[in-house]
$ cat run39.pdb   # PDB, N, CA and C atoms
ATOM      1  N   MET A   1       0.832  -1.188   0.000
ATOM      2  CA  MET A   1       0.000   0.000   0.000
ATOM      3  C   MET A   1       0.873   1.246   0.000
ATOM      4  N   ASN A   2       0.407   2.253  -0.694
ATOM      5  CA  ASN A   2       1.124   3.514  -0.772
ATOM      6  C   ASN A   2       0.377   4.590  -0.008
ATOM      7  N   THR A   3       1.105   5.614   0.401
ATOM      8  CA  THR A   3       0.467   6.770   1.013
ATOM      9  C   THR A   3       0.567   7.949   0.066
ATOM     10  N   GLU A   4      -0.363   8.863   0.222
ATOM     11  CA  GLU A   4      -0.411  10.037  -0.642
ATOM     12  C   GLU A   4      -0.925  11.216   0.170
ATOM     13  N   TRP A   5      -0.415  12.406  -0.149
ATOM     14  CA  TRP A   5      -0.913  13.626   0.482
ATOM     15  C   TRP A   5      -2.125  14.110  -0.304
ATOM     16  N   ILE A   6      -3.260  14.215   0.365
ATOM     17  CA  ILE A   6      -4.526  14.608  -0.264
ATOM     18  C   ILE A   6      -4.932  15.987   0.229
ATOM     19  N   ASN A   7      -5.224  16.881  -0.695
ATOM     20  CA  ASN A   7      -5.712  18.222  -0.358
ATOM     21  C   ASN A   7      -7.158  18.098   0.119
ATOM     22  N   VAL A   8      -7.421  18.525   1.363
ATOM     23  CA  VAL A   8      -8.773  18.425   1.915
ATOM     24  C   VAL A   8      -9.458  19.780   2.071
ATOM     25  N   GLY A   9      -8.808  20.847   1.612
ATOM     26  CA  GLY A   9      -9.466  22.144   1.629
ATOM     27  C   GLY A   9      -8.555  23.278   2.039
ATOM     28  N   ALA A  10      -9.063  24.474   1.850
ATOM     29  CA  ALA A  10      -8.329  25.681   2.205
ATOM     30  C   ALA A  10      -8.327  25.879   3.720
ATOM     31  N   VAL A  11      -7.241  26.400   4.234
ATOM     32  CA  VAL A  11      -7.109  26.675   5.669
ATOM     33  C   VAL A  11      -8.293  27.488   6.173
ATOM     34  N   VAL A  12      -8.739  28.457   5.390
ATOM     35  CA  VAL A  12      -9.827  29.341   5.827
ATOM     36  C   VAL A  12     -11.153  28.605   6.007
ATOM     37  N   ASN A  13     -11.272  27.401   5.485
ATOM     38  CA  ASN A  13     -12.506  26.629   5.637
ATOM     39  C   ASN A  13     -12.557  25.798   6.916
ATOM     40  N   PHE A  14     -11.504  25.844   7.723
ATOM     41  CA  PHE A  14     -11.443  25.101   8.977
ATOM     42  C   PHE A  14     -11.477  26.090  10.136
ATOM     43  N   THR A  15     -12.499  25.980  10.966
ATOM     44  CA  THR A  15     -12.656  26.875  12.105
ATOM     45  C   THR A  15     -11.668  26.491  13.195
ATOM     46  N   LYS A  16     -10.986  27.504  13.727
ATOM     47  CA  LYS A  16     -10.024  27.236  14.791
ATOM     48  C   LYS A  16     -10.742  26.761  16.045
ATOM     49  N   ASP A  17     -10.100  25.804  16.704
ATOM     50  CA  ASP A  17     -10.547  25.256  17.982
ATOM     51  C   ASP A  17     -11.871  24.498  17.909
ATOM     52  N   LEU A  18     -12.244  24.069  16.723
ATOM     53  CA  LEU A  18     -13.390  23.187  16.514
ATOM     54  C   LEU A  18     -12.976  22.124  15.502
ATOM     55  N   GLY A  19     -13.686  21.023  15.482
ATOM     56  CA  GLY A  19     -13.390  19.975  14.520
ATOM     57  C   GLY A  19     -14.180  20.144  13.243
ATOM     58  N   SER A  20     -13.626  19.622  12.170
ATOM     59  CA  SER A  20     -14.305  19.557  10.875
ATOM     60  C   SER A  20     -14.166  18.131  10.368
ATOM     61  N   CYS A  21     -15.172  17.656   9.673
ATOM     62  CA  CYS A  21     -15.114  16.310   9.117
ATOM     63  C   CYS A  21     -14.892  16.398   7.614
ATOM     64  N   VAL A  22     -13.906  15.637   7.127
ATOM     65  CA  VAL A  22     -13.660  15.533   5.694
ATOM     66  C   VAL A  22     -13.749  14.054   5.322
ATOM     67  N   LYS A  23     -14.054  13.799   4.079
ATOM     68  CA  LYS A  23     -14.129  12.415   3.600
ATOM     69  C   LYS A  23     -13.010  12.210   2.581
ATOM     70  N   VAL A  24     -12.175  11.208   2.840
ATOM     71  CA  VAL A  24     -11.037  10.904   1.975
ATOM     72  C   VAL A  24     -11.035   9.403   1.707
ATOM     73  N   ASN A  25     -11.121   9.042   0.449
ATOM     74  CA  ASN A  25     -11.104   7.628   0.056
ATOM     75  C   ASN A  25     -12.087   6.792   0.867
ATOM     76  N   GLY A  26     -13.272   7.322   1.098
ATOM     77  CA  GLY A  26     -14.310   6.611   1.829
ATOM     78  C   GLY A  26     -14.190   6.673   3.338
ATOM     79  N   LEU A  27     -13.155   7.328   3.848
ATOM     80  CA  LEU A  27     -12.955   7.461   5.290
ATOM     81  C   LEU A  27     -13.432   8.827   5.767
ATOM     82  N   GLN A  28     -14.101   8.860   6.916
ATOM     83  CA  GLN A  28     -14.406  10.131   7.555
ATOM     84  C   GLN A  28     -13.269  10.446   8.513
ATOM     85  N   ILE A  29     -12.684  11.630   8.345
ATOM     86  CA  ILE A  29     -11.542  12.043   9.151
ATOM     87  C   ILE A  29     -11.866  13.381   9.811
ATOM     88  N   ALA A  30     -11.620  13.457  11.118
ATOM     89  CA  ALA A  30     -11.828  14.686  11.879
ATOM     90  C   ALA A  30     -10.537  15.503  11.848
ATOM     91  N   VAL A  31     -10.648  16.768  11.445
ATOM     92  CA  VAL A  31      -9.493  17.661  11.338
ATOM     93  C   VAL A  31      -9.660  18.784  12.356
ATOM     94  N   PHE A  32      -8.594  19.048  13.096
ATOM     95  CA  PHE A  32      -8.612  20.078  14.132
ATOM     96  C   PHE A  32      -7.477  21.066  13.920
ATOM     97  N   ASN A  33      -7.789  22.366  14.036
ATOM     98  CA  ASN A  33      -6.792  23.428  13.993
ATOM     99  C   ASN A  33      -6.834  24.113  15.347
ATOM    100  N   LEU A  34      -5.853  23.805  16.200
ATOM    101  CA  LEU A  34      -5.803  24.400  17.527
ATOM    102  C   LEU A  34      -5.090  25.741  17.451
ATOM    103  N   SER A  35      -5.774  26.792  17.910
ATOM    104  CA  SER A  35      -5.206  28.127  17.792
ATOM    105  C   SER A  35      -3.932  28.281  18.622
ATOM    106  N   LYS A  36      -3.827  27.534  19.716
ATOM    107  CA  LYS A  36      -2.602  27.569  20.508
ATOM    108  C   LYS A  36      -1.486  26.965  19.660
ATOM    109  N   ASN A  37      -0.529  27.734  19.306
ATOM    110  CA  ASN A  37       0.613  27.325  18.473
ATOM    111  C   ASN A  37       0.217  26.934  17.050
ATOM    112  N   ASN A  38      -1.017  27.239  16.626
ATOM    113  CA  ASN A  38      -1.483  26.928  15.274
ATOM    114  C   ASN A  38      -1.172  25.478  14.900
ATOM    115  N   GLN A  39      -1.543  24.547  15.776
ATOM    116  CA  GLN A  39      -1.285  23.126  15.545
ATOM    117  C   GLN A  39      -2.457  22.490  14.801
ATOM    118  N   TRP A  40      -2.130  21.579  13.895
ATOM    119  CA  TRP A  40      -3.124  20.845  13.120
ATOM    120  C   TRP A  40      -3.036  19.360  13.457
ATOM    121  N   PHE A  41      -4.212  18.717  13.591
ATOM    122  CA  PHE A  41      -4.282  17.294  13.871
ATOM    123  C   PHE A  41      -5.408  16.685  13.059
ATOM    124  N   ALA A  42      -5.265  15.397  12.748
ATOM    125  CA  ALA A  42      -6.329  14.662  12.055
ATOM    126  C   ALA A  42      -6.413  13.270  12.648
ATOM    127  N   VAL A  43      -7.641  12.841  12.944
ATOM    128  CA  VAL A  43      -7.895  11.525  13.517
ATOM    129  C   VAL A  43      -9.130  10.929  12.854
ATOM    130  N   GLN A  44      -9.315   9.632  13.034
ATOM    131  CA  GLN A  44     -10.545   9.018  12.534
ATOM    132  C   GLN A  44     -11.739   9.705  13.183
ATOM    133  N   ASN A  45     -12.827   9.835  12.459
ATOM    134  CA  ASN A  45     -14.029  10.449  13.010
ATOM    135  C   ASN A  45     -14.851   9.446  13.823
ATOM    136  N   LEU A  46     -14.593   8.174  13.629
ATOM    137  CA  LEU A  46     -15.347   7.108  14.295
ATOM    138  C   LEU A  46     -14.904   6.937  15.744
ATOM    139  N   CYS A  47     -15.848   7.087  16.671
ATOM    140  CA  CYS A  47     -15.559   6.800  18.070
ATOM    141  C   CYS A  47     -15.520   5.286  18.238
ATOM    142  N   PRO A  48     -14.430   4.716  18.760
ATOM    143  CA  PRO A  48     -14.341   3.263  18.871
ATOM    144  C   PRO A  48     -15.260   2.681  19.951
ATOM    145  N   HIS A  49     -15.773   3.519  20.824
ATOM    146  CA  HIS A  49     -16.622   3.025  21.911
ATOM    147  C   HIS A  49     -17.970   2.533  21.412
ATOM    148  N   ASP A  50     -18.668   3.353  20.629
ATOM    149  CA  ASP A  50     -20.000   2.927  20.169
ATOM    150  C   ASP A  50     -20.175   3.040  18.661
ATOM    151  N   LYS A  51     -19.048   3.229  17.949
ATOM    152  CA  LYS A  51     -19.022   3.188  16.479
ATOM    153  C   LYS A  51     -19.885   4.274  15.824
ATOM    154  N   ARG A  52     -19.867   5.464  16.382
ATOM    155  CA  ARG A  52     -20.568   6.595  15.763
ATOM    156  C   ARG A  52     -19.544   7.605  15.245
ATOM    157  N   MET A  53     -19.885   8.274  14.157
ATOM    158  CA  MET A  53     -19.007   9.262  13.533
ATOM    159  C   MET A  53     -19.192  10.614  14.220
ATOM    160  N   VAL A  54     -18.511  10.805  15.360
ATOM    161  CA  VAL A  54     -18.769  11.999  16.165
ATOM    162  C   VAL A  54     -17.521  12.734  16.640
ATOM    163  N   LEU A  55     -16.337  12.201  16.448
ATOM    164  CA  LEU A  55     -15.167  12.840  17.043
ATOM    165  C   LEU A  55     -14.911  14.238  16.498
ATOM    166  N   SER A  56     -15.336  14.533  15.273
ATOM    167  CA  SER A  56     -15.160  15.887  14.739
ATOM    168  C   SER A  56     -16.002  16.899  15.522
ATOM    169  N   ARG A  57     -16.996  16.419  16.263
ATOM    170  CA  ARG A  57     -17.829  17.287  17.104
ATOM    171  C   ARG A  57     -17.391  17.244  18.557
ATOM    172  N   GLY A  58     -16.242  16.622  18.796
ATOM    173  CA  GLY A  58     -15.745  16.455  20.150
ATOM    174  C   GLY A  58     -15.231  17.736  20.765
ATOM    175  N   ILE A  59     -14.980  17.645  22.047
ATOM    176  CA  ILE A  59     -14.471  18.768  22.831
ATOM    177  C   ILE A  59     -12.956  18.657  22.843
ATOM    178  N   ILE A  60     -12.277  19.735  22.457
ATOM    179  CA  ILE A  60     -10.817  19.692  22.448
ATOM    180  C   ILE A  60     -10.272  20.358  23.705
ATOM    181  N   GLY A  61      -9.109  19.919  24.098
ATOM    182  CA  GLY A  61      -8.444  20.453  25.282
ATOM    183  C   GLY A  61      -7.080  19.825  25.390
ATOM    184  N   ASP A  62      -6.598  19.695  26.627
ATOM    185  CA  ASP A  62      -5.324  19.005  26.803
ATOM    186  C   ASP A  62      -5.327  18.266  28.130
ATOM    187  N   LYS A  63      -4.482  17.273  28.189
ATOM    188  CA  LYS A  63      -4.273  16.508  29.414
ATOM    189  C   LYS A  63      -2.784  16.547  29.691
ATOM    190  N   GLU A  64      -2.405  17.321  30.701
ATOM    191  CA  GLU A  64      -0.999  17.488  31.066
ATOM    192  C   GLU A  64      -0.171  17.945  29.875
ATOM    193  N   GLY A  65      -0.707  18.883  29.107
ATOM    194  CA  GLY A  65      -0.002  19.447  27.966
ATOM    195  C   GLY A  65      -0.179  18.688  26.661
ATOM    196  N   GLU A  66      -0.791  17.508  26.707
ATOM    197  CA  GLU A  66      -1.028  16.692  25.510
ATOM    198  C   GLU A  66      -2.385  17.075  24.911
ATOM    199  N   PRO A  67      -2.419  17.570  23.643
ATOM    200  CA  PRO A  67      -3.711  17.917  23.049
ATOM    201  C   PRO A  67      -4.594  16.690  22.912
ATOM    202  N   LYS A  68      -5.893  16.859  23.213
ATOM    203  CA  LYS A  68      -6.810  15.719  23.171
ATOM    204  C   LYS A  68      -8.156  16.142  22.630
ATOM    205  N   VAL A  69      -8.903  15.134  22.194
ATOM    206  CA  VAL A  69     -10.304  15.325  21.816
ATOM    207  C   VAL A  69     -11.117  14.368  22.678
ATOM    208  N   THR A  70     -12.267  14.858  23.137
ATOM    209  CA  THR A  70     -13.159  14.057  23.964
ATOM    210  C   THR A  70     -14.453  13.817  23.209
ATOM    211  N   CYS A  71     -14.843  12.560  23.108
ATOM    212  CA  CYS A  71     -16.084  12.194  22.425
ATOM    213  C   CYS A  71     -17.254  12.918  23.081
ATOM    214  N   PRO A  72     -18.103  13.561  22.285
ATOM    215  CA  PRO A  72     -19.218  14.298  22.866
ATOM    216  C   PRO A  72     -20.317  13.411  23.451
ATOM    217  N   LEU A  73     -20.303  12.128  23.145
ATOM    218  CA  LEU A  73     -21.360  11.234  23.627
ATOM    219  C   LEU A  73     -21.044  10.581  24.969
ATOM    220  N   HIS A  74     -19.836  10.015  25.099
ATOM    221  CA  HIS A  74     -19.530   9.249  26.303
ATOM    222  C   HIS A  74     -18.275   9.713  27.023
ATOM    223  N   LYS A  75     -17.721  10.832  26.585
ATOM    224  CA  LYS A  75     -16.597  11.490  27.261
ATOM    225  C   LYS A  75     -15.294  10.703  27.266
ATOM    226  N   ASN A  76     -15.109   9.793  26.321
ATOM    227  CA  ASN A  76     -13.811   9.143  26.168
ATOM    228  C   ASN A  76     -12.860  10.114  25.486
ATOM    229  N   SER A  77     -11.636  10.221  26.019
ATOM    230  CA  SER A  77     -10.655  11.173  25.488
ATOM    231  C   SER A  77      -9.508  10.445  24.808
ATOM    232  N   PHE A  78      -9.006  11.078  23.736
ATOM    233  CA  PHE A  78      -7.930  10.503  22.934
ATOM    234  C   PHE A  78      -6.889  11.574  22.633
ATOM    235  N   SER A  79      -5.622  11.178  22.652
ATOM    236  CA  SER A  79      -4.543  12.078  22.275
ATOM    237  C   SER A  79      -4.669  12.416  20.792
ATOM    238  N   LEU A  80      -4.606  13.701  20.477
ATOM    239  CA  LEU A  80      -4.631  14.098  19.071
ATOM    240  C   LEU A  80      -3.298  13.793  18.381
ATOM    241  N   LYS A  81      -2.225  13.678  19.152
ATOM    242  CA  LYS A  81      -0.914  13.372  18.572
ATOM    243  C   LYS A  81      -0.755  11.889  18.251
ATOM    244  N   SER A  82      -1.133  11.036  19.197
ATOM    245  CA  SER A  82      -0.853   9.601  19.050
ATOM    246  C   SER A  82      -2.091   8.738  18.849
ATOM    247  N   GLY A  83      -3.273   9.266  19.192
ATOM    248  CA  GLY A  83      -4.504   8.485  19.105
ATOM    249  C   GLY A  83      -4.764   7.604  20.315
ATOM    250  N   VAL A  84      -3.876   7.630  21.295
ATOM    251  CA  VAL A  84      -4.007   6.791  22.485
ATOM    252  C   VAL A  84      -5.193   7.253  23.329
ATOM    253  N   HIS A  85      -5.966   6.286  23.817
ATOM    254  CA  HIS A  85      -7.087   6.562  24.727
ATOM    255  C   HIS A  85      -6.492   7.019  26.053
ATOM    256  N   VAL A  86      -6.856   8.234  26.521
ATOM    257  CA  VAL A  86      -6.223   8.810  27.710
ATOM    258  C   VAL A  86      -7.187   8.994  28.877
ATOM    259  N   SER A  87      -8.377   8.404  28.818
ATOM    260  CA  SER A  87      -9.303   8.497  29.944
ATOM    261  C   SER A  87      -9.560   7.104  30.506
ATOM    262  N   GLU A  88     -10.377   7.039  31.536
ATOM    263  CA  GLU A  88     -10.664   5.772  32.209
ATOM    264  C   GLU A  88     -11.417   4.812  31.291
ATOM    265  N   GLY A  89     -11.255   3.534  31.534
ATOM    266  CA  GLY A  89     -12.005   2.532  30.798
ATOM    267  C   GLY A  89     -11.182   1.835  29.731
ATOM    268  N   ASP A  90     -11.742   0.775  29.219
ATOM    269  CA  ASP A  90     -11.085  -0.044  28.204
ATOM    270  C   ASP A  90     -11.673   0.283  26.834
ATOM    271  N   VAL A  91     -11.071   1.237  26.162
ATOM    272  CA  VAL A  91     -11.531   1.687  24.844
ATOM    273  C   VAL A  91     -10.343   1.641  23.897
ATOM    274  N   ASP A  92     -10.561   1.187  22.673
ATOM    275  CA  ASP A  92      -9.484   1.131  21.679
ATOM    276  C   ASP A  92      -8.954   2.516  21.372
ATOM    277  N   ASP A  93      -7.684   2.570  20.971
ATOM    278  CA  ASP A  93      -7.071   3.812  20.490
ATOM    279  C   ASP A  93      -7.657   4.149  19.122
ATOM    280  N   ILE A  94      -7.374   5.359  18.648
ATOM    281  CA  ILE A  94      -7.871   5.783  17.342
ATOM    282  C   ILE A  94      -6.708   6.022  16.385
ATOM    283  N   THR A  95      -7.023   6.024  15.109
ATOM    284  CA  THR A  95      -6.025   6.263  14.069
ATOM    285  C   THR A  95      -5.794   7.765  13.907
ATOM    286  N   THR A  96      -4.532   8.136  13.762
ATOM    287  CA  THR A  96      -4.178   9.528  13.476
ATOM    288  C   THR A  96      -3.611   9.612  12.062
ATOM    289  N   TYR A  97      -3.646  10.804  11.500
ATOM    290  CA  TYR A  97      -3.153  11.040  10.147
ATOM    291  C   TYR A  97      -2.230  12.249  10.153
ATOM    292  N   PRO A  98      -1.076  12.155   9.483
ATOM    293  CA  PRO A  98      -0.206  13.324   9.370
ATOM    294  C   PRO A  98      -0.905  14.455   8.607
ATOM    295  N   VAL A  99      -0.647  15.675   9.060
ATOM    296  CA  VAL A  99      -1.245  16.868   8.453
ATOM    297  C   VAL A  99      -0.121  17.829   8.087
ATOM    298  N   LYS A 100      -0.270  18.478   6.936
ATOM    299  CA  LYS A 100       0.636  19.578   6.599
ATOM    300  C   LYS A 100      -0.180  20.679   5.938
ATOM    301  N   VAL A 101       0.299  21.900   6.101
ATOM    302  CA  VAL A 101      -0.329  23.060   5.484
ATOM    303  C   VAL A 101       0.667  23.633   4.487
ATOM    304  N   LYS A 102       0.189  23.817   3.254
ATOM    305  CA  LYS A 102       1.057  24.335   2.201
ATOM    306  C   LYS A 102       0.243  25.234   1.283
ATOM    307  N   ASP A 103       0.754  26.422   1.029
ATOM    308  CA  ASP A 103       0.122  27.376   0.115
ATOM    309  C   ASP A 103      -1.349  27.608   0.450
ATOM    310  N   GLY A 104      -1.653  27.686   1.760
ATOM    311  CA  GLY A 104      -3.015  27.987   2.184
ATOM    312  C   GLY A 104      -3.980  26.821   2.133
ATOM    313  N   ASN A 105      -3.461  25.611   1.907
ATOM    314  CA  ASN A 105      -4.309  24.415   1.850
ATOM    315  C   ASN A 105      -3.871  23.390   2.888
ATOM    316  N   VAL A 106      -4.815  22.560   3.303
ATOM    317  CA  VAL A 106      -4.554  21.511   4.297
ATOM    318  C   VAL A 106      -4.470  20.172   3.563
ATOM    319  N   PHE A 107      -3.416  19.423   3.852
ATOM    320  CA  PHE A 107      -3.192  18.116   3.235
ATOM    321  C   PHE A 107      -3.121  17.048   4.320
ATOM    322  N   LEU A 108      -3.722  15.888   4.062
ATOM    323  CA  LEU A 108      -3.630  14.734   4.950
ATOM    324  C   LEU A 108      -2.902  13.616   4.223
ATOM    325  N   GLU A 109      -2.060  12.893   4.950
ATOM    326  CA  GLU A 109      -1.376  11.746   4.376
ATOM    327  C   GLU A 109      -2.214  10.499   4.678
ATOM    328  N   VAL A 110      -2.719   9.875   3.626
ATOM    329  CA  VAL A 110      -3.575   8.706   3.789
ATOM    330  C   VAL A 110      -3.097   7.579   2.884
ATOM    331  N   THR A 111      -3.502   6.368   3.229
ATOM    332  CA  THR A 111      -3.170   5.201   2.424
ATOM    333  C   THR A 111      -4.119   5.133   1.238
ATOM    334  N   VAL A 112      -3.555   4.913   0.065
ATOM    335  CA  VAL A 112      -4.375   4.813  -1.156
ATOM    336  C   VAL A 112      -4.250   3.430  -1.754
TER     337      VAL A 112
END
$ encode --input "run39.pdb" --output "structure tokens"
Amino acid sequence: MNTEWINVGAVVNFTKDLGSCVKVNGLQIAVFNLSKNNQWFAVQNLCPHDKRMVLSRGIIGDKEGEPKVTCPLHKNSFSLKSGVHVSEGDVDDITTYPVKVKDGNVFLEVTV
């Protein structure tokens, strides 16, 4: 399998400090632009707890300096950097995707 950088939209189309959902090769991916340090993250939109596409609507914050997203339904939290489940309970980790910004556009590295 190969990976490819896919243009998912202009930077101006992503609201800071909120999630946006994009669809790439049949996958729903949650994209976050954190205004603190202008950091960009992308993770699967599917919450592994109950299999709903909701992480793009999650609450963002940090846990001991680690940026995280919290599922809006059941409050499971995941590292935006590594995808590791960082709250209580036995919940699978999530997939993360590399993000880069170039010439005013956001690109995700995905398997094609």
$ atom_distance --input "run39.pdb" --atom1 "atom C of Val106 of chain A" --atom2 "atom N of Asn2 of chain A"
19.1 Å
$ resolve_selection --input "run39.pdb" --expression "the PyMOL selection byres ((chain A and resi 35) around 8)" --output "number ranges by chain"
A: 15-18, 32-34, 36-40
$ residues_around --input "run39.pdb" --residues "Val8 of chain A" --least-positions-apart "6" --cutoff "8 Å" --atoms "all atoms listed in the file" --output "list in words"
Val22, Lys23, Val24, Asn105, Val106, Phe107 and Leu108 of chain A
$ resolve_selection --input "run39.pdb" --expression "the PyMOL selection byres ((chain A and resi 3) around 6.5)" --output "NGL selection string"
:A and (1-2 or 4-5 or 109-112)
$ residues_around --input "run39.pdb" --residues "segment 26-29 of chain A" --least-positions-apart "4" --cutoff "6 Å" --atoms "only C-alpha atoms" --output "CSV table (one decimal) with N, CA and C atoms, keeping the file's coordinate frame"
chain,number,residue,atom,x,y,z
A,21,CYS,N,-15.2,17.7,9.7
A,21,CYS,CA,-15.1,16.3,9.1
A,21,CYS,C,-14.9,16.4,7.6
A,22,VAL,N,-13.9,15.6,7.1
A,22,VAL,CA,-13.7,15.5,5.7
A,22,VAL,C,-13.7,14.1,5.3
A,43,VAL,N,-7.6,12.8,12.9
A,43,VAL,CA,-7.9,11.5,13.5
A,43,VAL,C,-9.1,10.9,12.9
A,44,GLN,N,-9.3,9.6,13.0
A,44,GLN,CA,-10.5,9.0,12.5
A,44,GLN,C,-11.7,9.7,13.2
A,45,ASN,N,-12.8,9.8,12.5
A,45,ASN,CA,-14.0,10.4,13.0
A,45,ASN,C,-14.9,9.4,13.8
$ closest_residue --input "run39.pdb" --among "A:Asp92, A:Pro98, A:Gly19, A:His49" --to "Gly61 of chain A" --atoms "only C-alpha atoms"
A:Gly19
$ closest_residue --input "run39.pdb" --among "A:Lys102, A:Ser56, A:Val91, A:Val86" --to "Ile6 of chain A" --atoms "only C-alpha atoms"
A:Lys102
$ select_by_dssp --input "run39.pdb" --residues "chain A" --states "helix (DSSP H, G or I)" --output "number ranges by chain"
A: 11-13, 36-38, 55-57
$ closest_residue --input "run39.pdb" --among "A:Ser82, A:Asp62, A:Gly104, A:Thr96" --to "Leu46 of chain A" --atoms "only C-alpha atoms"
A:Thr96
$ atom_distance --input "run39.pdb" --atom1 "atom CA of Lys51 of chain A" --atom2 "atom CA of Val99 of chain A"
23.8 Å
